[in-house]
$ cat entry18.pdb   # PDB, C-alpha atoms
ATOM      1  CA  MET A   3       9.025   3.495 -19.479
ATOM      2  CA  ASN A   4       5.962   5.454 -20.637
ATOM      3  CA  ASN A   5       6.227   9.111 -19.608
ATOM      4  CA  THR A   6       2.439   9.579 -19.809
ATOM      5  CA  ALA A   7       1.756   6.909 -17.177
ATOM      6  CA  ILE A   8       1.127   7.777 -13.554
ATOM      7  CA  VAL A   9       2.321   4.376 -12.260
ATOM      8  CA  GLN A  10       4.624   1.833 -13.875
ATOM      9  CA  THR A  11       6.019  -1.358 -12.399
ATOM     10  CA  GLU A  12       8.356  -3.927 -13.894
ATOM     11  CA  ASN A  13       8.846  -7.410 -12.430
ATOM     12  CA  LEU A  14       7.819  -6.020  -9.047
ATOM     13  CA  SER A  15       7.865  -8.474  -6.133
ATOM     14  CA  LYS A  16       7.516  -8.259  -2.380
ATOM     15  CA  TRP A  17       7.609 -11.180  -0.002
ATOM     16  CA  TYR A  18       7.373 -11.608   3.752
ATOM     17  CA  GLY A  19       9.489 -14.589   4.692
ATOM     18  CA  GLU A  20       7.958 -17.429   2.723
ATOM     19  CA  VAL A  21       4.737 -15.516   1.976
ATOM     20  CA  MET A  22       4.550 -13.788  -1.422
ATOM     21  CA  GLY A  23       2.698 -10.474  -1.168
ATOM     22  CA  VAL A  24       3.296  -9.184  -4.695
ATOM     23  CA  ASN A  25       4.533 -11.600  -7.336
ATOM     24  CA  ASN A  26       6.396 -10.365 -10.425
ATOM     25  CA  VAL A  27       3.921  -7.605 -11.335
ATOM     26  CA  THR A  28       4.441  -5.569 -14.495
ATOM     27  CA  LEU A  29       1.765  -2.966 -15.196
ATOM     28  CA  THR A  30       1.083   0.545 -16.415
ATOM     29  CA  ILE A  31      -1.587   2.831 -14.955
ATOM     30  CA  HIS A  32      -2.692   5.916 -16.882
ATOM     31  CA  PRO A  33      -4.317   9.142 -15.620
ATOM     32  CA  GLY A  34      -7.920   8.951 -14.407
ATOM     33  CA  ILE A  35      -9.499   6.493 -11.966
ATOM     34  CA  THR A  36      -8.186   2.939 -11.868
ATOM     35  CA  GLY A  37      -9.772   0.208  -9.770
ATOM     36  CA  LEU A  38      -7.556  -2.396  -8.126
ATOM     37  CA  LEU A  39      -9.841  -5.365  -7.532
ATOM     38  CA  GLY A  40      -9.193  -8.509  -5.583
ATOM     39  CA  PRO A  41     -10.479 -10.606  -2.679
ATOM     40  CA  ASN A  42      -9.146 -10.024   0.816
ATOM     41  CA  GLY A  43      -5.547 -11.175   0.990
ATOM     42  CA  ALA A  44      -4.995 -10.833  -2.762
ATOM     43  CA  GLY A  45      -2.090  -8.394  -2.388
ATOM     44  CA  LYS A  46      -3.907  -5.077  -2.938
ATOM     45  CA  THR A  47      -2.548  -3.387   0.182
ATOM     46  CA  SER A  48       1.005  -4.622  -0.407
ATOM     47  CA  LEU A  49       0.924  -3.314  -3.977
ATOM     48  CA  ILE A  50      -0.397   0.083  -2.880
ATOM     49  CA  LYS A  51       2.269   0.330  -0.162
ATOM     50  CA  LEU A  52       4.935  -0.399  -2.761
ATOM     51  CA  MET A  53       3.470   2.301  -5.006
ATOM     52  CA  THR A  54       3.451   4.819  -2.159
ATOM     53  CA  GLY A  55       6.978   4.048  -0.991
ATOM     54  CA  GLN A  56       5.985   2.532   2.345
ATOM     55  CA  LEU A  57       7.489  -0.822   1.406
ATOM     56  CA  LYS A  58      10.765  -1.491  -0.370
ATOM     57  CA  PRO A  59      10.471  -4.127  -3.104
ATOM     58  CA  ASN A  60      12.545  -7.278  -2.870
ATOM     59  CA  GLN A  61      12.975  -7.123  -6.616
ATOM     60  CA  GLY A  62      11.771  -5.143  -9.595
ATOM     61  CA  GLU A  63      11.059  -1.491 -10.119
ATOM     62  CA  VAL A  64       8.182   0.882  -9.447
ATOM     63  CA  LYS A  65       7.849   4.447 -10.704
ATOM     64  CA  VAL A  66       5.111   6.926  -9.811
ATOM     65  CA  LEU A  67       4.695  10.141 -11.804
ATOM     66  CA  ASN A  68       7.827   9.012 -13.672
ATOM     67  CA  GLN A  69       9.972   9.036 -10.529
ATOM     68  CA  PRO A  70      11.407   6.192  -8.452
ATOM     69  CA  VAL A  71       9.304   5.751  -5.340
ATOM     70  CA  TRP A  72      11.574   4.402  -2.653
ATOM     71  CA  ASN A  73      13.130   7.031  -0.370
ATOM     72  CA  ASN A  74      11.855   9.920  -2.457
ATOM     73  CA  PRO A  75      10.372  12.604  -0.141
ATOM     74  CA  ILE A  76       9.809  15.023  -3.026
ATOM     75  CA  LEU A  77       7.415  12.525  -4.629
ATOM     76  CA  THR A  78       5.407  12.074  -1.437
ATOM     77  CA  ARG A  79       4.371  15.730  -1.667
ATOM     78  CA  ARG A  80       2.646  14.933  -4.985
ATOM     79  CA  VAL A  81       0.851  11.824  -3.732
ATOM     80  CA  GLY A  82      -2.002  11.317  -1.251
ATOM     81  CA  TYR A  83      -2.689   8.069   0.613
ATOM     82  CA  CYS A  84      -5.796   6.885   2.454
ATOM     83  CA  PRO A  85      -5.126   3.595   4.304
ATOM     84  CA  ASP A  86      -7.612   0.808   4.884
ATOM     85  CA  ILE A  87      -7.035   0.757   8.654
ATOM     86  CA  GLU A  88      -7.866   3.328  11.320
ATOM     87  CA  LEU A  89      -4.739   5.341  12.102
ATOM     88  CA  ALA A  90      -6.292   8.522  13.486
ATOM     89  CA  TYR A  91      -5.791   9.594  17.090
ATOM     90  CA  GLN A  92      -9.249   9.124  18.575
ATOM     91  CA  PHE A  93      -8.902  12.019  21.032
ATOM     92  CA  MET A  94      -8.113  14.526  18.272
ATOM     93  CA  SER A  95     -10.848  16.502  16.605
ATOM     94  CA  GLY A  96     -11.178  16.169  12.867
ATOM     95  CA  HIS A  97      -9.843  19.695  12.493
ATOM     96  CA  GLU A  98      -6.786  18.947  14.632
ATOM     97  CA  PHE A  99      -6.110  15.760  12.700
ATOM     98  CA  VAL A 100      -6.151  17.462   9.313
ATOM     99  CA  THR A 101      -4.107  20.475  10.461
ATOM    100  CA  PHE A 102      -1.562  18.042  11.927
ATOM    101  CA  PHE A 103      -1.041  16.507   8.484
ATOM    102  CA  ALA A 104      -0.991  19.917   6.814
ATOM    103  CA  THR A 105       1.820  20.899   9.184
ATOM    104  CA  LEU A 106       3.688  17.674   8.430
ATOM    105  CA  SER A 107       3.396  18.536   4.734
ATOM    106  CA  GLY A 108       5.562  21.606   5.377
ATOM    107  CA  TYR A 109       3.071  24.425   5.042
ATOM    108  CA  ASP A 110       3.621  27.509   7.170
ATOM    109  CA  PRO A 111       1.067  28.332   9.877
ATOM    110  CA  SER A 112      -0.709  30.906   7.727
ATOM    111  CA  GLU A 113      -1.494  28.248   5.118
ATOM    112  CA  VAL A 114      -2.225  25.345   7.447
ATOM    113  CA  GLU A 115      -5.542  26.708   8.701
ATOM    114  CA  SER A 116      -6.866  27.797   5.322
ATOM    115  CA  ARG A 117      -5.930  24.508   3.639
ATOM    116  CA  SER A 118      -7.432  22.470   6.473
ATOM    117  CA  LEU A 119     -10.758  24.296   6.398
ATOM    118  CA  GLN A 120     -10.894  24.085   2.612
ATOM    119  CA  VAL A 121     -10.395  20.335   2.525
ATOM    120  CA  LEU A 122     -12.814  19.761   5.408
ATOM    121  CA  GLU A 123     -15.416  21.575   3.350
ATOM    122  CA  THR A 124     -14.531  19.455   0.319
ATOM    123  CA  VAL A 125     -15.311  16.224   2.204
ATOM    124  CA  ASP A 126     -18.363  17.773   3.930
ATOM    125  CA  MET A 127     -16.875  17.565   7.425
ATOM    126  CA  LEU A 128     -16.951  21.222   8.467
ATOM    127  CA  PRO A 129     -20.024  20.805  10.729
ATOM    128  CA  ALA A 130     -18.255  18.037  12.703
ATOM    129  CA  LYS A 131     -14.715  19.419  12.578
ATOM    130  CA  ASP A 132     -14.489  20.120  16.327
ATOM    131  CA  ARG A 133     -15.820  16.745  17.469
ATOM    132  CA  PRO A 134     -13.341  14.070  18.589
ATOM    133  CA  ILE A 135     -12.659  11.453  15.919
ATOM    134  CA  GLY A 136     -13.626   8.751  18.431
ATOM    135  CA  SER A 137     -17.227   9.970  18.206
ATOM    136  CA  TYR A 138     -17.376   9.776  14.404
ATOM    137  CA  SER A 139     -19.351   7.205  12.463
ATOM    138  CA  LYS A 140     -17.533   4.887  10.072
ATOM    139  CA  GLY A 141     -18.455   7.083   7.128
ATOM    140  CA  MET A 142     -17.198  10.223   8.877
ATOM    141  CA  ARG A 143     -13.899   8.524   9.732
ATOM    142  CA  GLN A 144     -13.456   7.519   6.102
ATOM    143  CA  ARG A 145     -14.055  11.096   5.011
ATOM    144  CA  ILE A 146     -11.624  12.537   7.560
ATOM    145  CA  LYS A 147      -8.973  10.094   6.331
ATOM    146  CA  LEU A 148      -9.676  11.296   2.824
ATOM    147  CA  ALA A 149      -9.321  14.903   4.010
ATOM    148  CA  GLN A 150      -5.796  14.298   5.332
ATOM    149  CA  ALA A 151      -4.890  12.654   2.021
ATOM    150  CA  LEU A 152      -6.058  15.749   0.129
ATOM    151  CA  VAL A 153      -4.797  18.554   2.351
ATOM    152  CA  HIS A 154      -1.507  18.980   0.457
ATOM    153  CA  GLN A 155      -3.298  19.045  -2.937
ATOM    154  CA  PRO A 156      -1.818  15.858  -4.433
ATOM    155  CA  GLU A 157      -1.792  15.000  -8.130
ATOM    156  CA  LEU A 158      -2.418  11.331  -7.408
ATOM    157  CA  LEU A 159      -4.487   9.590  -4.715
ATOM    158  CA  PHE A 160      -4.089   6.012  -3.498
ATOM    159  CA  LEU A 161      -7.200   4.826  -1.644
ATOM    160  CA  ASP A 162      -7.201   1.419   0.050
ATOM    161  CA  GLU A 163     -10.766   0.098   0.509
ATOM    162  CA  PRO A 164     -12.263   3.580   1.110
ATOM    163  CA  LEU A 165     -15.872   2.315   0.997
ATOM    164  CA  THR A 166     -15.541  -0.481   3.547
ATOM    165  CA  GLY A 167     -18.193  -0.309   6.252
ATOM    166  CA  LEU A 168     -20.086   2.636   4.778
ATOM    167  CA  ASP A 169     -23.863   2.710   4.742
ATOM    168  CA  PRO A 170     -25.564   3.382   1.374
ATOM    169  CA  ASN A 171     -25.724   7.146   1.937
ATOM    170  CA  GLY A 172     -22.088   7.304   2.983
ATOM    171  CA  ARG A 173     -21.068   5.197  -0.004
ATOM    172  CA  ARG A 174     -22.934   7.455  -2.430
ATOM    173  CA  HIS A 175     -21.348  10.542  -0.874
ATOM    174  CA  VAL A 176     -17.794   9.175  -1.134
ATOM    175  CA  LEU A 177     -18.331   7.911  -4.692
ATOM    176  CA  ALA A 178     -19.638  11.328  -5.766
ATOM    177  CA  LEU A 179     -16.680  13.011  -4.066
ATOM    178  CA  LEU A 180     -14.147  10.780  -5.833
ATOM    179  CA  LYS A 181     -15.773  11.425  -9.204
ATOM    180  CA  ASP A 182     -15.638  15.162  -8.525
ATOM    181  CA  LEU A 183     -11.929  14.946  -7.634
ATOM    182  CA  ALA A 184     -11.257  13.044 -10.848
ATOM    183  CA  ASP A 185     -13.148  15.695 -12.827
ATOM    184  CA  LYS A 186     -10.776  18.258 -11.291
ATOM    185  CA  GLY A 187      -7.768  16.383 -12.665
ATOM    186  CA  ILE A 188      -6.674  14.249  -9.715
ATOM    187  CA  SER A 189      -5.776  10.700 -10.710
ATOM    188  CA  ILE A 190      -6.983   7.984  -8.340
ATOM    189  CA  VAL A 191      -5.990   4.378  -7.718
ATOM    190  CA  VAL A 192      -8.671   2.786  -5.547
ATOM    191  CA  SER A 193      -8.727  -0.760  -4.206
ATOM    192  CA  SER A 194     -11.806  -2.825  -3.400
ATOM    193  CA  HIS A 195     -12.979  -6.425  -3.199
ATOM    194  CA  ILE A 196     -16.458  -5.540  -4.503
ATOM    195  CA  LEU A 197     -16.888  -5.197  -8.267
ATOM    196  CA  TYR A 198     -20.003  -3.014  -8.293
ATOM    197  CA  GLU A 199     -18.312  -0.376  -6.103
ATOM    198  CA  ILE A 200     -15.557   0.081  -8.641
ATOM    199  CA  GLU A 201     -18.015  -0.188 -11.535
ATOM    200  CA  ALA A 202     -19.738   2.908 -10.145
ATOM    201  CA  LEU A 203     -16.443   4.810 -10.367
ATOM    202  CA  THR A 204     -14.510   3.723 -13.415
ATOM    203  CA  GLU A 205     -14.247   1.458 -16.444
ATOM    204  CA  THR A 206     -10.524   0.823 -15.925
ATOM    205  CA  ILE A 207      -9.599  -2.040 -13.614
ATOM    206  CA  LEU A 208      -6.828  -4.393 -12.564
ATOM    207  CA  LEU A 209      -7.644  -7.824 -11.146
ATOM    208  CA  ILE A 210      -5.150  -9.136  -8.596
ATOM    209  CA  HIS A 211      -5.022 -12.545  -6.915
ATOM    210  CA  GLN A 212      -2.262 -14.118  -4.809
ATOM    211  CA  GLY A 213      -0.029 -11.190  -5.649
ATOM    212  CA  ARG A 214      -0.379 -11.562  -9.423
ATOM    213  CA  ILE A 215      -2.263  -9.434 -11.931
ATOM    214  CA  LEU A 216      -4.776 -11.816 -13.501
ATOM    215  CA  ALA A 217      -6.424  -9.403 -15.905
ATOM    216  CA  GLU A 218      -6.550  -5.731 -16.755
ATOM    217  CA  GLY A 219      -8.745  -3.599 -18.935
ATOM    218  CA  THR A 220     -12.286  -2.243 -18.823
ATOM    219  CA  ILE A 221     -15.344  -3.442 -16.945
ATOM    220  CA  SER A 222     -16.700  -4.764 -20.243
ATOM    221  CA  ASP A 223     -13.548  -6.875 -20.612
ATOM    222  CA  ILE A 224     -14.212  -8.390 -17.202
ATOM    223  CA  ARG A 225     -17.879  -8.918 -18.030
ATOM    224  CA  GLU A 226     -16.741 -10.887 -21.059
ATOM    225  CA  LEU A 227     -14.672 -13.074 -18.757
ATOM    226  CA  ILE A 228     -17.797 -13.693 -16.674
ATOM    227  CA  ASP A 229     -19.825 -14.424 -19.807
ATOM    228  CA  GLU A 230     -17.387 -17.037 -21.089
ATOM    229  CA  HIS A 231     -18.380 -19.567 -18.451
ATOM    230  CA  PRO A 232     -21.829 -20.972 -17.536
ATOM    231  CA  HIS A 233     -23.880 -18.409 -15.686
ATOM    232  CA  LYS A 234     -26.589 -19.209 -13.102
ATOM    233  CA  VAL A 235     -29.622 -16.982 -12.602
ATOM    234  CA  TYR A 236     -32.062 -17.406  -9.681
ATOM    235  CA  LEU A 237     -35.675 -16.390 -10.286
ATOM    236  CA  SER A 238     -38.607 -16.386  -7.882
ATOM    237  CA  THR A 239     -41.971 -16.812  -9.601
ATOM    238  CA  ASP A 240     -45.517 -17.963  -8.909
ATOM    239  CA  GLU A 241     -45.411 -20.204 -11.999
ATOM    240  CA  PRO A 242     -42.021 -21.938 -12.127
ATOM    241  CA  ARG A 243     -43.151 -24.650 -14.548
ATOM    242  CA  ARG A 244     -44.395 -22.179 -17.149
ATOM    243  CA  LEU A 245     -41.299 -20.012 -16.771
ATOM    244  CA  ALA A 246     -39.089 -23.063 -17.328
ATOM    245  CA  GLN A 247     -41.077 -24.088 -20.388
ATOM    246  CA  VAL A 248     -40.766 -20.606 -21.868
ATOM    247  CA  CYS A 249     -36.996 -20.443 -21.315
ATOM    248  CA  LEU A 250     -35.915 -23.978 -22.235
ATOM    249  CA  PRO A 251     -36.341 -23.791 -26.053
ATOM    250  CA  PHE A 252     -33.464 -21.334 -26.415
ATOM    251  CA  SER A 253     -30.137 -22.908 -27.384
ATOM    252  CA  ASP A 254     -28.081 -21.013 -24.802
ATOM    253  CA  ILE A 255     -30.091 -22.467 -21.870
ATOM    254  CA  LEU A 256     -28.027 -25.303 -20.429
ATOM    255  CA  SER A 257     -30.301 -26.412 -17.590
ATOM    256  CA  VAL A 258     -33.240 -25.520 -15.349
ATOM    257  CA  THR A 259     -33.333 -26.570 -11.704
ATOM    258  CA  PHE A 260     -36.308 -26.286  -9.358
ATOM    259  CA  VAL A 261     -35.160 -25.145  -5.932
ATOM    260  CA  ASN A 262     -38.115 -26.703  -4.097
ATOM    261  CA  GLY A 263     -36.679 -30.145  -4.749
ATOM    262  CA  ALA A 264     -38.303 -31.224  -7.990
ATOM    263  CA  ASP A 265     -35.933 -32.293 -10.727
ATOM    264  CA  THR A 266     -38.033 -31.628 -13.817
ATOM    265  CA  ALA A 267     -40.793 -29.350 -14.975
ATOM    266  CA  GLU A 268     -43.197 -32.297 -15.031
ATOM    267  CA  GLU A 269     -42.776 -32.759 -11.275
ATOM    268  CA  VAL A 270     -43.895 -29.198 -10.535
ATOM    269  CA  SER A 271     -47.599 -28.409 -10.643
ATOM    270  CA  ALA A 272     -48.663 -25.409 -12.700
ATOM    271  CA  ASN A 273     -49.878 -23.540  -9.624
ATOM    272  CA  GLU A 274     -46.896 -24.153  -7.344
ATOM    273  CA  ALA A 275     -44.827 -21.070  -6.576
ATOM    274  CA  GLY A 276     -41.100 -21.325  -6.059
ATOM    275  CA  ASP A 277     -37.599 -20.559  -7.246
ATOM    276  CA  ILE A 278     -35.847 -21.850 -10.299
ATOM    277  CA  ILE A 279     -32.199 -21.714 -11.314
ATOM    278  CA  ILE A 280     -31.522 -21.193 -14.996
ATOM    279  CA  GLU A 281     -28.015 -21.909 -16.243
ATOM    280  CA  THR A 282     -27.161 -20.104 -19.472
ATOM    281  CA  ALA A 283     -24.114 -20.024 -21.718
ATOM    282  CA  LYS A 284     -24.948 -16.496 -22.896
ATOM    283  CA  PRO A 285     -26.117 -14.345 -19.968
ATOM    284  CA  ASP A 286     -26.293 -11.112 -21.966
ATOM    285  CA  ALA A 287     -28.673 -12.716 -24.461
ATOM    286  CA  PHE A 288     -30.745 -14.221 -21.637
ATOM    287  CA  TYR A 289     -31.114 -10.905 -19.790
ATOM    288  CA  ALA A 290     -31.941  -9.084 -23.041
ATOM    289  CA  ARG A 291     -34.876 -11.315 -24.000
ATOM    290  CA  LEU A 292     -36.238 -12.024 -20.494
ATOM    291  CA  PRO A 293     -38.446  -8.892 -20.112
ATOM    292  CA  GLU A 294     -40.186  -9.544 -23.426
ATOM    293  CA  LEU A 295     -40.724 -13.209 -22.565
ATOM    294  CA  LEU A 296     -42.300 -12.305 -19.236
ATOM    295  CA  ILE A 297     -44.638  -9.762 -20.815
ATOM    296  CA  GLU A 298     -45.665 -12.000 -23.723
ATOM    297  CA  ASN A 299     -46.439 -14.931 -21.422
ATOM    298  CA  GLU A 300     -47.909 -12.844 -18.567
ATOM    299  CA  LEU A 301     -45.405 -14.241 -16.090
ATOM    300  CA  ASN A 302     -44.448 -12.565 -12.828
ATOM    301  CA  VAL A 303     -40.927 -12.673 -11.365
ATOM    302  CA  SER A 304     -40.654 -11.283  -7.849
ATOM    303  CA  GLN A 305     -36.899 -11.686  -7.500
ATOM    304  CA  LEU A 306     -33.967 -12.155  -9.864
ATOM    305  CA  TYR A 307     -30.304 -12.371  -8.973
ATOM    306  CA  SER A 308     -27.159 -14.127 -10.083
ATOM    307  CA  PRO A 309     -24.514 -15.472  -7.690
ATOM    308  CA  ASP A 310     -22.184 -15.618 -10.703
ATOM    309  CA  ASP A 311     -22.418 -11.899 -11.468
ATOM    310  CA  ASN A 312     -19.768 -10.879  -8.967
ATOM    311  CA  LEU A 313     -16.038 -10.596  -8.468
ATOM    312  CA  SER A 314     -15.721 -13.889  -6.587
ATOM    313  CA  SER A 315     -17.137 -15.733  -9.579
ATOM    314  CA  VAL A 316     -14.681 -14.065 -11.933
ATOM    315  CA  PHE A 317     -11.761 -15.036  -9.734
ATOM    316  CA  LYS A 318     -12.935 -18.619  -9.381
ATOM    317  CA  TYR A 319     -13.138 -18.787 -13.148
ATOM    318  CA  LEU A 320      -9.729 -17.196 -13.732
ATOM    319  CA  VAL A 321      -7.844 -19.292 -11.164
ATOM    320  CA  GLY A 322      -9.760 -22.490 -11.912
TER     321      GLY A 322
END

$ encode --input "entry18.pdb" --output "structure tokens"
Amino acid sequence: MNNTAIVQTENLSKWYGEVMGVNNVTLTIHPGITGLLGPNGAGKTSLIKLMTGQLKPNQGEVKVLNQPVWNNPILTRRVGYCPDIELAYQFMSGHEFVTFFATLSGYDPSEVESRSLQVLETVDMLPAKDRPIGSYSKGMRQRIKLAQALVHQPELLFLDEPLTGLDPNGRRHVLALLKDLADKGISIVVSSHILYEIEALTETILLIHQGRILAEGTISDIRELIDEHPHKVYLSTDEPRRLAQVCLPFSDILSVTFVNGADTAEEVSANEAGDIIIETAKPDAFYARLPELLIENELNVSQLYSPDDNLSSVFKYLVG
């Protein structure tokens, strides 16, 4: 096994009766931030629990920081874990919750208080430290869970869906915090089912589906997977016929569909506003030339989005 890796698994499997949670996974994770991506039920949580020693594998091997994980209390002192579910005692204050975990980590009373206050400041929870956790917002609860995972100063963090339920401000705050932790040398494995969340954190990702690793590499590698299959782009414009006529001559345009029910450009009057769907074989080329085409032809597009530019589309492509 590679001594520079932070996580290594070989033929790792975990099943629950007849249900396969993790299926013959062999992977290597290096220092830095790694995104574990997959739809709900893909096996992300099972894999993280195997990596953190909460589950014993049915077969295979998993090492973290070059040590076997199962029944290794020394290793748990070097690893932090933030679960996807709410495990905090609602009647406790945030301060009590974090000091509780600092005590469990084996620090003496003189260190418990200082470490707890330091980590509460790190996650920006000092002002609310004396409030009961039951009164916290979703974002505050996520941050207090992160605080307990950091209180013993781990080398490696496992975060299971840490951005779920956060509003935009809360998401930005947590993303900035994770980047800052990584800059300080803490390696992070973070799971999510939303590609753009992970894209904001790291270029290194693992795609998991039905317990198997489908792909691994950088975000650009995954974008290439998206780009290898036909890609639909929705555009709202006040001149759909002209926009279609401008786009159709290019060889990578496979089709144009008018959402208002017309089947061809000839059926849409020049003054009729609406949406069109452009299907392209080369989305990067389409997006690159679109601004210039709009300017040259004095066309207005009020909305542009692609239902194919997301994780679900990648998975449909990979498992199809």

$ atom_distance --input "entry18.pdb" --atom1 "CA of Gly40 (chain A)" --atom2 "CA of Lys284 (chain A)"
24.7 Å

$ closest_residue --input "entry18.pdb" --among "A:Met22, A:Val27, A:Ile224, A:Cys84" --to "Ile207 (chain A)" --atoms "all atoms listed in the file"
A:Ile224

$ closest_atom_pairs --input "entry18.pdb" --of "region 59-83 of chain A" --to "region 146-159 of chain A" --cutoff "9 Å" --atoms "all atoms listed in the file" --output "JSON lines"
{"residue": "A:Leu67", "atom": "CA", "partner": "A:Leu158", "partner_atom": "CA", "distance": 8.4}
{"residue": "A:Thr78", "atom": "CA", "partner": "A:Pro156", "partner_atom": "CA", "distance": 8.7}
{"residue": "A:Arg79", "atom": "CA", "partner": "A:Pro156", "partner_atom": "CA", "distance": 6.8}
{"residue": "A:Arg80", "atom": "CA", "partner": "A:Pro156", "partner_atom": "CA", "distance": 4.6}
{"residue": "A:Val81", "atom": "CA", "partner": "A:Pro156", "partner_atom": "CA", "distance": 4.9}
{"residue": "A:Gly82", "atom": "CA", "partner": "A:Ala151", "partner_atom": "CA", "distance": 4.6}
{"residue": "A:Tyr83", "atom": "CA", "partner": "A:Ala151", "partner_atom": "CA", "distance": 5.3}

$ resolve_selection --input "entry18.pdb" --expression "the PyMOL selection byres ((chain A and resi 163) around 12)" --output "PyMOL selection string"
chain A and resi 37-42+46-47+50+83-88+144+147-148+160-162+164-168+173+176+191-197+199-200

$ resolve_selection --input "entry18.pdb" --expression "the PyMOL selection byres ((chain A and resi 208-213) around 6)" --output "MDAnalysis selection string"
chainID A and resid 23:25 38:40 44:45 207 214:218

$ resolve_selection --input "entry18.pdb" --expression "the PyMOL selection byres ((chain A and resi 5-21) around 9)" --output "compact mmCIF listing (two decimals) with C-alpha atoms, keeping the file's coordinate frame"
# COMPACT_ATOMS: atom_id res chain seq x y z
CA MET A 3 9.02 3.50 -19.48
CA ASN A 4 5.96 5.45 -20.64
CA MET A 22 4.55 -13.79 -1.42
CA GLY A 23 2.70 -10.47 -1.17
CA VAL A 24 3.30 -9.18 -4.70
CA ASN A 25 4.53 -11.60 -7.34
CA ASN A 26 6.40 -10.36 -10.42
CA VAL A 27 3.92 -7.60 -11.34
CA THR A 28 4.44 -5.57 -14.50
CA LEU A 29 1.76 -2.97 -15.20
CA THR A 30 1.08 0.55 -16.42
CA ILE A 31 -1.59 2.83 -14.96
CA HIS A 32 -2.69 5.92 -16.88
CA PRO A 33 -4.32 9.14 -15.62
CA SER A 48 1.00 -4.62 -0.41
CA LEU A 49 0.92 -3.31 -3.98
CA LEU A 52 4.93 -0.40 -2.76
CA MET A 53 3.47 2.30 -5.01
CA LEU A 57 7.49 -0.82 1.41
CA LYS A 58 10.76 -1.49 -0.37
CA PRO A 59 10.47 -4.13 -3.10
CA ASN A 60 12.54 -7.28 -2.87
CA GLN A 61 12.98 -7.12 -6.62
CA GLY A 62 11.77 -5.14 -9.60
CA GLU A 63 11.06 -1.49 -10.12
CA VAL A 64 8.18 0.88 -9.45
CA LYS A 65 7.85 4.45 -10.70
CA VAL A 66 5.11 6.93 -9.81
CA LEU A 67 4.70 10.14 -11.80
CA ASN A 68 7.83 9.01 -13.67
CA LEU A 158 -2.42 11.33 -7.41
CA SER A 189 -5.78 10.70 -10.71
CA GLY A 213 -0.03 -11.19 -5.65

$ closest_residue --input "entry18.pdb" --among "A:Tyr109, A:Arg145, A:Lys140, A:Leu301" --to "Glu123 (chain A)" --atoms "only C-alpha atoms"
A:Arg145

$ atom_distance --input "entry18.pdb" --atom1 "CA of Phe260 (chain A)" --atom2 "CA of Val235 (chain A)"
11.9 Å

$ residues_around --input "entry18.pdb" --residues "Thr239 (chain A)" --least-positions-apart "4" --cutoff "10 Å" --atoms "all atoms listed in the file" --output "MDAnalysis selection string"
chainID A and resid 243:245 274:278 301:306

$ write_last_selection --input "entry18.pdb" --atoms "C-alpha atoms" --output "PDB file, in the coordinates of the input"
ATOM      1  CA  ARG A 243     -43.151 -24.650 -14.548  1.00  0.00           C
ATOM      2  CA  ARG A 244     -44.395 -22.179 -17.149  1.00  0.00           C
ATOM      3  CA  LEU A 245     -41.299 -20.012 -16.771  1.00  0.00           C
ATOM      4  CA  GLU A 274     -46.896 -24.153  -7.344  1.00  0.00           C
ATOM      5  CA  ALA A 275     -44.827 -21.070  -6.576  1.00  0.00           C
ATOM      6  CA  GLY A 276     -41.100 -21.325  -6.059  1.00  0.00           C
ATOM      7  CA  ASP A 277     -37.599 -20.559  -7.246  1.00  0.00           C
ATOM      8  CA  ILE A 278     -35.847 -21.850 -10.299  1.00  0.00           C
ATOM      9  CA  LEU A 301     -45.405 -14.241 -16.090  1.00  0.00           C
ATOM     10  CA  ASN A 302     -44.448 -12.565 -12.828  1.00  0.00           C
ATOM     11  CA  VAL A 303     -40.927 -12.673 -11.365  1.00  0.00           C
ATOM     12  CA  SER A 304     -40.654 -11.283  -7.849  1.00  0.00           C
ATOM     13  CA  GLN A 305     -36.899 -11.686  -7.500  1.00  0.00           C
ATOM     14  CA  LEU A 306     -33.967 -12.155  -9.864  1.00  0.00           C
TER      15      LEU A 306
END

$ residues_around --input "entry18.pdb" --residues "Ile279 (chain A)" --least-positions-apart "2" --cutoff "8 Å" --atoms "all atoms listed in the file" --output "VMD selection string"
chain A and resid 234 to 237 258 to 261 277 281

$ closest_residue --input "entry18.pdb" --among "A:Asp132, A:Val248, A:Phe102, A:His233" --to "Ile297 (chain A)" --atoms "all atoms listed in the file"
A:Val248

$ closest_residue --input "entry18.pdb" --among "A:Tyr198, A:Phe103, A:Trp72, A:Tyr307" --to "Pro285 (chain A)" --atoms "all atoms listed in the file"
A:Tyr307

$ atom_distance --input "entry18.pdb" --atom1 "CA of Gly96 (chain A)" --atom2 "CA of Lys131 (chain A)"
4.8 Å

$ closest_residue --input "entry18.pdb" --among "A:Cys249, A:Glu98, A:Pro309, A:Leu128" --to "Pro293 (chain A)" --atoms "only C-alpha atoms"
A:Cys249

$ closest_residue --input "entry18.pdb" --among "A:Ala202, A:Ala290, A:Leu179, A:Met127" --to "Ile221 (chain A)" --atoms "all atoms listed in the file"
A:Ala202
